[in-house]
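Shown next: model-v4.tsv, given as TSV, C-alpha atoms (C1' of nucleotides).
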```tsv
chain	number	residue	atom	x	y	z
A	107	MET	CA	63.88	-44.78	79.27
A	108	ALA	CA	61.58	-42.44	81.09
A	109	THR	CA	62.94	-39.14	79.80
A	110	THR	CA	59.62	-37.82	78.67
A	111	THR	CA	60.31	-34.13	78.31
A	112	ARG	CA	62.82	-31.82	76.69
A	113	THR	CA	65.12	-32.20	73.75
A	114	THR	CA	63.50	-33.85	70.78
A	115	ASP	CA	64.37	-37.42	71.47
A	116	ARG	CA	65.18	-37.98	67.81
A	117	GLY	CA	68.73	-37.03	68.58
A	118	THR	CA	68.58	-34.82	65.54
A	119	ALA	CA	69.36	-31.50	67.24
A	120	TYR	CA	69.03	-29.63	64.01
A	121	PHE	CA	69.06	-26.16	65.55
A	122	PRO	CA	72.78	-25.95	66.37
A	123	ARG	CA	73.62	-26.78	62.77
A	124	LEU	CA	71.27	-24.07	61.57
A	125	ALA	CA	72.68	-21.53	64.00
A	126	ALA	CA	76.19	-22.30	62.83
A	127	GLU	CA	75.53	-21.56	59.19
A	128	ARG	CA	72.96	-18.81	59.57
A	129	LEU	CA	74.54	-16.11	61.70
A	130	ASP	CA	71.47	-13.91	61.30
A	131	ILE	CA	69.16	-16.56	62.70
A	132	ALA	CA	71.48	-17.28	65.60
A	133	LEU	CA	71.59	-13.58	66.43
A	134	CYS	CA	67.82	-13.21	66.32
A	135	ARG	CA	67.13	-16.28	68.44
A	136	ALA	CA	69.71	-15.32	71.04
A	137	SER	CA	68.33	-11.81	71.12
A	138	ALA	CA	64.80	-13.09	71.60
A	139	ALA	CA	65.91	-15.16	74.56
A	140	VAL	CA	67.76	-12.24	76.11
A	141	ALA	CA	64.89	-9.84	75.45
A	142	ARG	CA	62.56	-12.27	77.12
A	143	ALA	CA	64.80	-12.47	80.16
A	144	ALA	CA	65.02	-8.68	80.29
A	145	ASP	CA	61.27	-8.40	80.07
A	146	VAL	CA	60.76	-10.89	82.86
A	147	HIS	CA	63.28	-9.02	85.00
A	148	ALA	CA	61.62	-5.70	84.23
A	149	THR	CA	58.17	-7.02	85.01
A	150	GLU	CA	59.33	-8.41	88.34
A	151	GLU	CA	61.04	-5.14	89.15
A	152	GLY	CA	57.96	-3.17	88.08
A	153	LEU	CA	59.74	-0.77	85.73
A	154	GLY	CA	59.57	-1.44	81.98
A	155	VAL	CA	62.80	-1.74	80.01
A	156	GLY	CA	61.94	1.31	77.94
A	157	GLN	CA	61.03	3.32	81.01
A	158	HIS	CA	64.31	2.38	82.64
A	159	LEU	CA	66.29	3.45	79.58
A	160	VAL	CA	64.46	6.76	79.38
A	161	LEU	CA	65.10	7.55	83.03
A	162	GLN	CA	68.74	6.56	82.65
A	163	MET	CA	69.26	8.80	79.65
A	164	LEU	CA	67.45	11.75	81.19
A	165	ASP	CA	69.60	11.39	84.28
A	166	ALA	CA	72.76	11.21	82.20
A	167	VAL	CA	72.24	13.98	79.66
A	168	GLY	CA	69.51	16.16	81.14
A	169	PRO	CA	66.09	17.14	79.77
A	170	CYS	CA	65.36	15.90	76.27
A	171	SER	CA	62.62	15.97	73.70
A	172	GLN	CA	60.83	12.72	73.01
A	173	GLN	CA	62.35	12.85	69.54
A	174	THR	CA	65.88	12.84	70.92
A	175	LEU	CA	65.04	10.06	73.33
A	176	SER	CA	63.57	8.01	70.49
A	177	GLU	CA	66.57	8.42	68.24
A	178	GLU	CA	69.23	7.77	70.84
A	179	LEU	CA	67.49	4.83	72.47
A	180	ARG	CA	66.34	3.33	69.16
A	181	ILE	CA	62.74	3.29	70.32
A	182	ASP	CA	60.01	4.27	67.89
A	183	ARG	CA	58.39	7.68	68.42
A	184	SER	CA	54.93	6.20	68.77
A	185	VAL	CA	56.18	3.79	71.41
A	186	MET	CA	57.92	6.61	73.26
A	187	VAL	CA	54.55	8.31	73.73
A	188	GLY	CA	53.27	5.49	75.90
A	189	ILE	CA	56.53	5.17	77.81
A	190	CYS	CA	56.51	8.87	78.72
A	191	ASP	CA	52.81	8.67	79.53
A	192	ASP	CA	53.46	5.95	82.07
A	193	LEU	CA	56.51	7.67	83.54
A	194	GLU	CA	54.63	10.94	83.84
A	195	GLN	CA	51.66	9.29	85.46
A	196	ALA	CA	53.98	7.64	87.98
A	197	GLY	CA	55.53	11.03	88.69
A	198	HIS	CA	58.99	10.02	87.51
A	199	VAL	CA	59.19	12.64	84.74
A	200	ARG	CA	57.60	15.97	83.95
A	201	ARG	CA	56.52	16.92	80.44
A	202	GLU	CA	56.79	20.64	79.90
A	203	ARG	CA	56.43	22.38	76.60
A	204	ASN	CA	59.71	23.78	75.44
A	205	PRO	CA	59.05	27.55	75.54
A	206	HIS	CA	61.36	28.12	72.58
A	207	ASP	CA	59.74	25.42	70.45
A	208	ARG	CA	56.27	24.53	71.54
A	209	ARG	CA	56.14	21.54	69.24
A	210	SER	CA	58.48	19.62	71.48
A	211	TYR	CA	58.44	18.69	75.11
A	212	ALA	CA	61.27	19.09	77.55
A	213	VAL	CA	61.01	15.76	79.32
A	214	THR	CA	62.63	16.14	82.72
A	215	ILE	CA	63.38	13.54	85.36
A	216	THR	CA	62.01	14.22	88.85
A	217	ASP	CA	63.47	13.37	92.22
A	218	SER	CA	61.05	10.49	92.39
A	219	GLY	CA	62.33	9.33	89.02
A	220	ARG	CA	65.94	9.54	90.19
A	221	ARG	CA	65.19	7.44	93.24
A	222	ARG	CA	63.34	4.89	91.11
A	223	LEU	CA	66.22	4.82	88.65
A	224	ALA	CA	68.78	4.19	91.36
A	225	GLN	CA	66.67	1.37	92.69
A	226	ALA	CA	66.33	-0.27	89.29
A	227	GLN	CA	69.93	0.41	88.33
A	228	ALA	CA	71.19	-1.47	91.35
A	229	LEU	CA	69.70	-4.68	90.00
A	230	ILE	CA	71.15	-4.44	86.51
A	231	PRO	CA	74.61	-5.93	87.19
A	232	ALA	CA	73.10	-9.04	88.72
A	233	PHE	CA	70.68	-9.35	85.83
A	234	LEU	CA	73.49	-9.07	83.27
A	235	GLU	CA	75.64	-11.50	85.21
A	236	ASP	CA	72.77	-13.97	85.30
A	237	THR	CA	71.79	-13.55	81.66
A	238	PHE	CA	75.31	-13.81	80.28
A	239	GLN	CA	76.75	-16.22	82.79
A	240	ALA	CA	77.50	-18.69	79.99
A	241	LEU	CA	80.13	-16.29	78.67
A	242	THR	CA	83.56	-15.56	80.10
A	243	PRO	CA	84.47	-11.92	80.70
A	244	ALA	CA	86.69	-12.08	77.62
A	245	GLU	CA	83.83	-13.34	75.51
A	246	ARG	CA	81.55	-10.61	76.80
A	247	GLY	CA	84.12	-8.08	75.75
A	248	GLN	CA	84.38	-9.62	72.30
A	249	LEU	CA	80.60	-9.67	71.95
A	250	SER	CA	80.35	-6.06	73.02
A	251	ALA	CA	82.98	-4.95	70.51
A	252	ILE	CA	81.44	-6.97	67.68
A	253	LEU	CA	77.95	-5.64	68.36
A	254	ALA	CA	79.31	-2.11	68.47
A	255	LYS	CA	80.79	-2.57	65.01
A	256	LEU	CA	77.55	-4.03	63.69
A	257	LEU	CA	75.48	-1.24	65.20
A	258	GLN	CA	77.77	1.45	63.91
A	259	ALA	CA	77.66	-0.01	60.41
A	260	GLY	CA	73.91	-0.50	60.53
A	261	ALA	CA	73.32	3.05	61.70
A	262	SER	CA	74.73	4.60	58.54
A	263	SER	CA	73.72	2.41	55.63
A	264	PRO	CA	70.01	1.61	56.01
A	265	ARG	CA	68.76	5.16	55.90
B	264	MET	CA	72.64	31.69	68.46
B	265	ALA	CA	71.95	31.93	72.13
B	266	THR	CA	69.87	28.78	72.47
B	267	THR	CA	71.57	26.32	70.17
B	268	THR	CA	71.44	23.49	72.69
B	269	ARG	CA	68.44	21.90	71.02
B	270	THR	CA	67.67	19.70	68.05
B	271	THR	CA	70.11	17.19	66.63
B	272	ASP	CA	73.07	18.04	68.79
B	273	ARG	CA	75.64	15.64	67.44
B	274	GLY	CA	77.72	16.11	70.55
B	275	THR	CA	75.69	13.70	72.65
B	276	ALA	CA	75.81	10.34	70.83
B	277	TYR	CA	74.42	8.66	73.88
B	278	PHE	CA	73.63	5.34	72.22
B	279	PRO	CA	77.18	3.97	71.98
B	280	ARG	CA	77.67	4.54	75.68
B	281	LEU	CA	74.45	2.71	76.42
B	282	ALA	CA	75.36	-0.19	74.15
B	283	ALA	CA	78.72	-0.51	75.86
B	284	GLU	CA	77.30	-0.93	79.33
B	285	ARG	CA	74.09	-2.76	78.47
B	286	LEU	CA	75.06	-5.87	76.53
B	287	ASP	CA	71.43	-6.97	76.38
B	288	ILE	CA	70.32	-3.76	74.72
B	289	ALA	CA	73.17	-3.87	72.23
B	290	LEU	CA	72.24	-7.42	71.33
B	291	CYS	CA	68.58	-6.59	70.84
B	292	ARG	CA	69.22	-3.50	68.73
B	293	ALA	CA	71.73	-5.28	66.53
B	294	SER	CA	69.33	-8.19	66.14
B	295	ALA	CA	66.52	-5.85	65.15
B	296	ALA	CA	68.67	-4.33	62.44
B	297	VAL	CA	69.70	-7.73	61.12
B	298	ALA	CA	66.15	-9.07	61.28
B	299	ARG	CA	64.98	-6.09	59.32
B	300	ALA	CA	67.60	-6.71	56.66
B	301	ALA	CA	66.62	-10.38	56.50
B	302	ASP	CA	62.99	-9.45	56.13
B	303	VAL	CA	63.73	-7.03	53.32
B	304	HIS	CA	65.81	-9.68	51.59
B	305	ALA	CA	63.09	-12.30	52.05
B	306	THR	CA	60.40	-9.98	50.75
B	307	GLU	CA	62.42	-9.18	47.65
B	308	GLU	CA	63.10	-12.85	47.09
B	309	GLY	CA	59.44	-13.72	47.62
B	310	LEU	CA	59.99	-16.48	50.18
B	311	GLY	CA	59.47	-15.66	53.85
B	312	VAL	CA	62.27	-16.31	56.31
B	313	GLY	CA	60.22	-18.90	58.17
B	314	GLN	CA	59.18	-20.64	54.97
B	315	HIS	CA	62.81	-20.82	53.89
B	316	LEU	CA	63.87	-22.34	57.19
B	317	VAL	CA	61.11	-24.94	57.05
B	318	LEU	CA	62.01	-26.01	53.54
B	319	GLN	CA	65.67	-26.17	54.49
B	320	MET	CA	65.02	-28.37	57.50
B	321	LEU	CA	62.64	-30.66	55.65
B	322	ASP	CA	65.25	-31.09	52.94
B	323	ALA	CA	67.94	-31.80	55.51
B	324	VAL	CA	66.21	-34.21	57.87
B	325	GLY	CA	63.19	-35.50	55.95
B	326	PRO	CA	59.47	-35.33	56.78
B	327	CYS	CA	58.63	-33.82	60.16
B	328	SER	CA	55.62	-32.99	62.27
B	329	GLN	CA	54.87	-29.31	62.71
B	330	GLN	CA	55.72	-29.82	66.36
B	331	THR	CA	59.25	-30.90	65.55
B	332	LEU	CA	59.68	-28.08	63.07
B	333	SER	CA	58.51	-25.58	65.67
B	334	GLU	CA	60.86	-26.80	68.36
B	335	GLU	CA	63.96	-27.09	66.22
B	336	LEU	CA	63.48	-23.81	64.38
B	337	ARG	CA	62.36	-21.91	67.50
B	338	ILE	CA	59.17	-20.80	65.79
B	339	ASP	CA	55.93	-20.80	67.74
B	340	ARG	CA	53.42	-23.57	66.96
B	341	SER	CA	50.67	-21.16	66.04
B	342	VAL	CA	52.98	-19.31	63.66
B	343	MET	CA	54.04	-22.59	62.07
B	344	VAL	CA	50.44	-23.21	61.06
B	345	GLY	CA	50.45	-20.19	58.76
B	346	ILE	CA	53.89	-20.96	57.39
B	347	CYS	CA	52.86	-24.49	56.44
B	348	ASP	CA	49.58	-23.19	55.05
B	349	ASP	CA	51.43	-20.87	52.70
B	350	LEU	CA	53.98	-23.50	51.70
B	351	GLU	CA	51.25	-26.06	51.05
B	352	GLN	CA	49.22	-23.63	49.00
B	353	ALA	CA	52.31	-22.83	46.92
B	354	GLY	CA	52.82	-26.56	46.39
B	355	HIS	CA	56.20	-26.62	48.13
B	356	VAL	CA	55.17	-29.08	50.85
B	357	ARG	CA	52.52	-31.75	51.31
B	358	ARG	CA	50.68	-32.23	54.58
B	359	GLU	CA	49.74	-35.86	55.07
B	360	ARG	CA	48.41	-37.39	58.22
B	361	ASN	CA	50.96	-39.62	59.81
B	362	PRO	CA	49.38	-43.09	59.48
B	363	HIS	CA	50.94	-44.20	62.76
B	364	ASP	CA	49.74	-41.15	64.66
B	365	ARG	CA	46.93	-39.36	62.95
B	366	ARG	CA	47.12	-36.44	65.33
B	367	SER	CA	50.27	-35.27	63.64
B	368	TYR	CA	51.09	-34.38	60.09
B	369	ALA	CA	54.04	-35.65	58.14
B	370	VAL	CA	55.07	-32.45	56.42
B	371	THR	CA	57.02	-33.41	53.32
B	372	ILE	CA	58.92	-31.26	50.87
B	373	THR	CA	57.96	-31.60	47.21
B	374	ASP	CA	60.14	-31.35	44.12
B	375	SER	CA	58.76	-27.87	43.62
B	376	GLY	CA	59.81	-27.04	47.15
B	377	ARG	CA	63.29	-28.38	46.58
B	378	ARG	CA	63.71	-26.26	43.48
B	379	ARG	CA	62.43	-23.19	45.31
B	380	LEU	CA	64.78	-23.92	48.21
B	381	ALA	CA	67.80	-24.21	45.93
B	382	GLN	CA	66.88	-20.92	44.33
B	383	ALA	CA	66.56	-19.13	47.67
B	384	GLN	CA	69.58	-20.86	49.16
B	385	ALA	CA	71.82	-19.56	46.40
B	386	LEU	CA	71.22	-15.99	47.55
B	387	ILE	CA	71.98	-16.54	51.22
B	388	PRO	CA	75.78	-16.24	51.12
B	389	ALA	CA	75.58	-12.86	49.41
B	390	PHE	CA	72.98	-11.72	51.92
B	391	LEU	CA	75.13	-12.78	54.86
B	392	GLU	CA	78.21	-11.20	53.34
B	393	ASP	CA	76.31	-7.97	52.85
B	394	THR	CA	74.71	-7.94	56.29
B	395	PHE	CA	77.88	-8.77	58.21
B	396	GLN	CA	80.38	-6.99	56.02
B	397	ALA	CA	81.43	-4.82	58.94
B	398	LEU	CA	82.94	-7.90	60.59
B	399	THR	CA	86.11	-9.71	59.69
B	400	PRO	CA	85.91	-13.48	59.16
B	401	ALA	CA	87.56	-13.94	62.54
B	402	GLU	CA	84.97	-11.77	64.22
B	403	ARG	CA	82.16	-13.67	62.54
B	404	GLY	CA	83.60	-16.85	63.91
B	405	GLN	CA	83.82	-15.38	67.40
B	406	LEU	CA	80.25	-14.13	67.16
B	407	SER	CA	79.01	-17.50	65.98
B	408	ALA	CA	80.75	-19.31	68.83
B	409	ILE	CA	79.51	-16.85	71.44
B	410	LEU	CA	75.93	-17.01	70.21
B	411	ALA	CA	76.08	-20.78	70.20
B	412	LYS	CA	77.09	-20.74	73.87
B	413	LEU	CA	74.33	-18.29	74.70
B	414	LEU	CA	71.72	-20.32	72.85
B	415	GLN	CA	72.80	-23.56	74.42
B	416	ALA	CA	72.61	-22.05	77.88
B	417	GLY	CA	69.31	-20.34	77.21
B	418	ALA	CA	67.72	-23.50	75.84
B	419	SER	CA	67.90	-25.35	79.13
B	420	SER	CA	67.20	-22.88	81.91
B	421	PRO	CA	64.24	-20.72	80.93
B	422	ARG	CA	61.31	-23.04	81.03
C	1047	DT	C1'	37.24	-52.80	78.01
C	1048	DG	C1'	36.63	-48.04	79.56
C	1049	DC	C1'	38.09	-43.68	80.99
C	1050	DA	C1'	41.41	-40.08	82.28
C	1051	DA	C1'	45.52	-37.78	80.77
C	1052	DA	C1'	48.62	-36.43	77.21
C	1053	DT	C1'	49.58	-34.89	72.52
C	1054	DC	C1'	49.02	-32.48	67.94
C	1055	DA	C1'	47.31	-28.95	65.14
C	1056	DT	C1'	44.45	-25.08	65.26
C	1057	DC	C1'	41.99	-20.96	66.76
C	1058	DT	C1'	41.25	-16.81	69.64
C	1059	DG	C1'	42.66	-12.99	72.32
C	1060	DC	C1'	46.27	-10.03	74.12
C	1061	DT	C1'	50.55	-7.39	73.87
C	1062	DG	C1'	54.15	-4.81	71.67
C	1063	DT	C1'	56.10	-2.85	67.48
C	1064	DC	C1'	56.06	-0.47	63.14
C	1065	DA	C1'	54.04	2.44	59.18
C	1066	DA	C1'	51.22	5.93	57.83
C	1067	DA	C1'	48.10	9.63	58.59
C	1068	DC	C1'	47.01	13.65	61.44
C	1069	DA	C1'	47.05	18.27	64.00
C	1070	DG	C1'	49.79	21.78	65.96
C	1071	DT	C1'	54.03	24.47	65.58
C	1072	DC	C1'	58.18	26.50	63.58
C	1073	DT	C1'	61.16	28.32	59.65
C	1074	DG	C1'	62.15	30.37	55.40
C	1075	DT	C1'	60.79	32.82	51.22
C	1076	DT	C1'	58.27	36.18	48.93
D	240	DA	C1'	52.17	39.57	56.67
D	241	DA	C1'	51.20	35.15	54.04
D	242	DC	C1'	52.15	30.96	52.54
D	243	DA	C1'	54.63	26.42	51.70
D	244	DG	C1'	57.35	23.03	53.71
D	245	DA	C1'	59.50	20.67	57.58
D	246	DC	C1'	59.38	19.07	62.34
D	247	DT	C1'	57.11	17.09	66.91
D	248	DG	C1'	54.05	14.45	69.24
D	249	DT	C1'	49.91	11.67	68.85
D	250	DT	C1'	46.54	8.47	67.06
D	251	DT	C1'	45.12	4.73	64.16
D	252	DG	C1'	45.55	0.39	61.68
D	253	DA	C1'	48.14	-3.68	60.45
D	254	DC	C1'	50.91	-7.47	61.84
D	255	DA	C1'	54.06	-10.81	64.39
D	256	DG	C1'	54.71	-13.33	68.68
D	257	DC	C1'	52.98	-15.62	72.61
D	258	DA	C1'	49.62	-17.76	76.12
D	259	DG	C1'	45.61	-20.25	76.71
D	260	DA	C1'	41.51	-22.84	75.13
D	261	DT	C1'	39.48	-26.30	71.80
D	262	DG	C1'	38.68	-30.53	68.92
D	263	DA	C1'	40.54	-34.72	67.38
D	264	DT	C1'	43.41	-38.49	68.41
D	265	DT	C1'	46.51	-41.49	70.97
D	266	DT	C1'	48.31	-43.53	75.17
D	267	DG	C1'	48.38	-45.16	79.96
D	268	DC	C1'	46.23	-47.49	83.55
D	269	DA	C1'	42.91	-49.69	86.41
```

Written as structure tokens, how would this file's structure read?
Amino acid sequence: MATTTRTTDRGTAYFPRLAAERLDIALCRASAAVARAADVHATEEGLGVGQHLVLQMLDAVGPCSQQTLSEELRIDRSVMVGICDDLEQAGHVRRERNPHDRRSYAVTITDSGRRRLAQAQALIPAFLEDTFQALTPAERGQLSAILAKLLQAGASSPR
Amino acid sequence: MATTTRTTDRGTAYFPRLAAERLDIALCRASAAVARAADVHATEEGLGVGQHLVLQMLDAVGPCSQQTLSEELRIDRSVMVGICDDLEQAGHVRRERNPHDRRSYAVTITDSGRRRLAQAQALIPAFLEDTFQALTPAERGQLSAILAKLLQAGASSPR
DNA sequence: TGCAAATCATCTGCTGTCAAACAGTCTGTT
DNA sequence: AACAGACTGTTTGACAGCAGATGATTTGCA
């Protein structure tokens, strides 16, 4: 038997058992794998996941403060600083002080940002298809609905 | 009231839309919330999540090398070092050199570790019930099955 | 036998995230 | 007008996760 790599040859395969009885662990491990795939995709494409989400939201709902972006995208304020820094430096957004409230910025997407967004957006369906190819369309729908319920519940209680 | 279009406009609620079309983001955000809950629970209980998993696996399959523990529990080798350090210091495991291969340890659970595991294990069902209370039993089953498929697929390809 | 390659546990450095502190700005009360 | 308190963006420090290098040990092969 020359199978030298992969799959602990003990035949134990303990992980599936664990995942079956610990739904939280299964969720975290699956998420880590997906996040990793997303990060690889984003790195290859040259636009960070957070940057993509910010551009997408700005394009969808118009100029926002960093605060609003943080809350809606579930990205920490202090992380949002760096994301907007990078986007601004690349010319994809402008940061202007809101004249009515000079504490906040009015982060606005530029034409350059819209072009970059369209470019990145075009690759998302293929990425999702690739990442979730193990699931049937029905299963993806189930997963989406279940996660929505979890997220909705989690959004109210822990704060 | 002329410029009321700022600050906490509840009309937007952009996140649900995002979660619906970006399954990867929904998964990551839900996982983050669950991981946070697990961490809070573990901190209150006094036994880290990783430490719990190690004790549980050692109890289930017997003495293991740190390598095997790392692979089966999907915890990085260098993180496993600290986990085993803490468990050893608390007297819950013993680290003995494997006499047949002195490169590796035979990490073994102690009686103290077994007692500690039983204590922590007793609280897991309530934690899971609390964390996933938004889901019906049927939905939990669906989620478990879907995550298992994702994990199985992800375990082979990305490496 | 002797030596190169592989393996195990560990350590170091890097990256990304979160918590808390901070300065500037706004709002409300007096 | 003056002040206290809340909000926004930023910086700093702590910490987990991961990649790569290291030391000790085993294995494979000539």

Which residues of chain C come within 12 Å of chain A, and for each one, what is the closest pair of atoms and their distance in Å to one decimal, counting only C-alpha atoms (C1' of nucleotides), sorted by chain and residue number, as a tab-separated table?
```
residue	atom	partner	partner_atom	distance
C:DA1052	C1'	A:Thr110	CA	11.2
C:DG1062	C1'	A:Val185	CA	8.8
C:DT1063	C1'	A:Val185	CA	7.7
C:DC1064	C1'	A:Asp182	CA	7.8
C:DA1065	C1'	A:Ser184	CA	10.3
C:DA1066	C1'	A:Ser184	CA	11.6
C:DA1069	C1'	A:Arg209	CA	11.0
C:DG1070	C1'	A:Arg209	CA	7.2
C:DT1071	C1'	A:Arg209	CA	5.1
C:DC1072	C1'	A:Asp207	CA	7.1
C:DT1073	C1'	A:Asp207	CA	11.3
```

Which of B:Ala389, B:Met343, B:Leu281, B:Val317 sits closest to chain D [using all atoms listed in the file]:
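When distances to chain D are compared using all atoms listed in the file, the smallest one comes from B:Met343.
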
Per residue of chain B within 7 Å of chain A, which atom pair is closest and at what distance in Å (one decimal), using only C-alpha atoms, listed by chain and increasing number, as a Markdown table?
```
| residue | atom | partner | partner_atom | distance |
| --- | --- | --- | --- | --- |
| B:Tyr277 | CA | A:Glu178 | CA | 6.1 |
| B:Phe278 | CA | A:Glu178 | CA | 5.2 |
| B:Ala283 | CA | A:Ser250 | CA | 6.4 |
| B:Leu286 | CA | A:Ser250 | CA | 6.4 |
| B:Asp287 | CA | A:Val140 | CA | 6.4 |
| B:Ala289 | CA | A:Leu253 | CA | 6.4 |
| B:Leu290 | CA | A:Ser137 | CA | 5.9 |
| B:Cys291 | CA | A:Ser137 | CA | 5.2 |
| B:Ala293 | CA | A:Leu257 | CA | 5.7 |
| B:Ser294 | CA | A:Cys134 | CA | 5.2 |
| B:Ala296 | CA | A:Gly260 | CA | 6.8 |
| B:Val297 | CA | A:Asp130 | CA | 6.4 |
| B:Ala298 | CA | A:Cys134 | CA | 6.7 |
| B:Glu335 | CA | A:Phe121 | CA | 5.2 |
| B:Leu336 | CA | A:Phe121 | CA | 6.2 |
| B:Ala397 | CA | A:Leu256 | CA | 6.2 |
| B:Glu402 | CA | A:Ile252 | CA | 6.9 |
| B:Leu406 | CA | A:Leu249 | CA | 6.6 |
| B:Ser407 | CA | A:Leu129 | CA | 6.3 |
| B:Ile409 | CA | A:Glu245 | CA | 6.9 |
| B:Leu410 | CA | A:Ala132 | CA | 6.4 |
| B:Lys412 | CA | A:Ala240 | CA | 6.5 |
| B:Leu413 | CA | A:Ala240 | CA | 6.2 |
| B:Leu414 | CA | A:Ala136 | CA | 5.7 |
| B:Ala416 | CA | A:Ala240 | CA | 6.3 |
| B:Gly417 | CA | A:Ala139 | CA | 6.7 |
```

Using only C-alpha atoms (C1' of nucleotides), determine which residues lie at most 12 Å from DC268 (chain D), disregarding the query and same-chain residues fewer than 6 positions distant; provide the list as a list in words.
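Counting only the stated atoms, we get DT1047, DG1048, DC1049, DA1050 and DA1051 of chain C.
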
Residues just named, written with C-alpha atoms (C1' of nucleotides) as a PDB file, in the coordinates of the input:
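The resulting file, result-v8.pdb, is shown below:
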```pdb
ATOM      1  C1'  DT C1047      37.240 -52.800  78.010  1.00  0.00           C
ATOM      2  C1'  DG C1048      36.630 -48.040  79.560  1.00  0.00           C
ATOM      3  C1'  DC C1049      38.090 -43.680  80.990  1.00  0.00           C
ATOM      4  C1'  DA C1050      41.410 -40.080  82.280  1.00  0.00           C
ATOM      5  C1'  DA C1051      45.520 -37.780  80.770  1.00  0.00           C
TER       6       DA C1051
END
```

Within 10 Å of chain A: residues of chain D, using only C-alpha atoms (C1' of nucleotides), as a list in words
DC246, DT247, DG248, DT249 and DT250 of chain D

For Asp349 (chain B), list every protein, DNA or RNA residue within 12 Å, evaluated using all atoms listed in the file, and leave out those in the same chain fewer than 6 positions away; present the list as JSON, numbers by chain.
{"B": [309, 310, 311, 313, 314, 315, 317, 318, 342, 343, 355, 356, 357, 358, 376]}

What does the distance between C1' of DA258 (chain D) and CA of Glu150 (chain A) come to in Å, to one decimal place?
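If I compute the distance from C1' of DA258 (chain D) to CA of Glu150 (chain A), I get 18.2 Å.
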
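Taking CA of Asp191 (chain A) and CA of Arg203 (chain A) as the two end points, the separation is 14.5 Å.
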
Could you tell me how far CA of Val146 (chain A) sits from CA of Glu235 (chain A), in Å to one decimal place?
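These two atoms are separated by 15.1 Å.
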
Hey, can I get the axis-aligned box for region 254-265 of chain D? All listed atoms, 4 Å padding on each side, centre and edge lengths in Å to one decimal, as JSON.
```
{"center_x": 46.7, "center_y": -24.5, "center_z": 69.3, "size_x": 24.0, "size_y": 42.0, "size_z": 22.9}
```
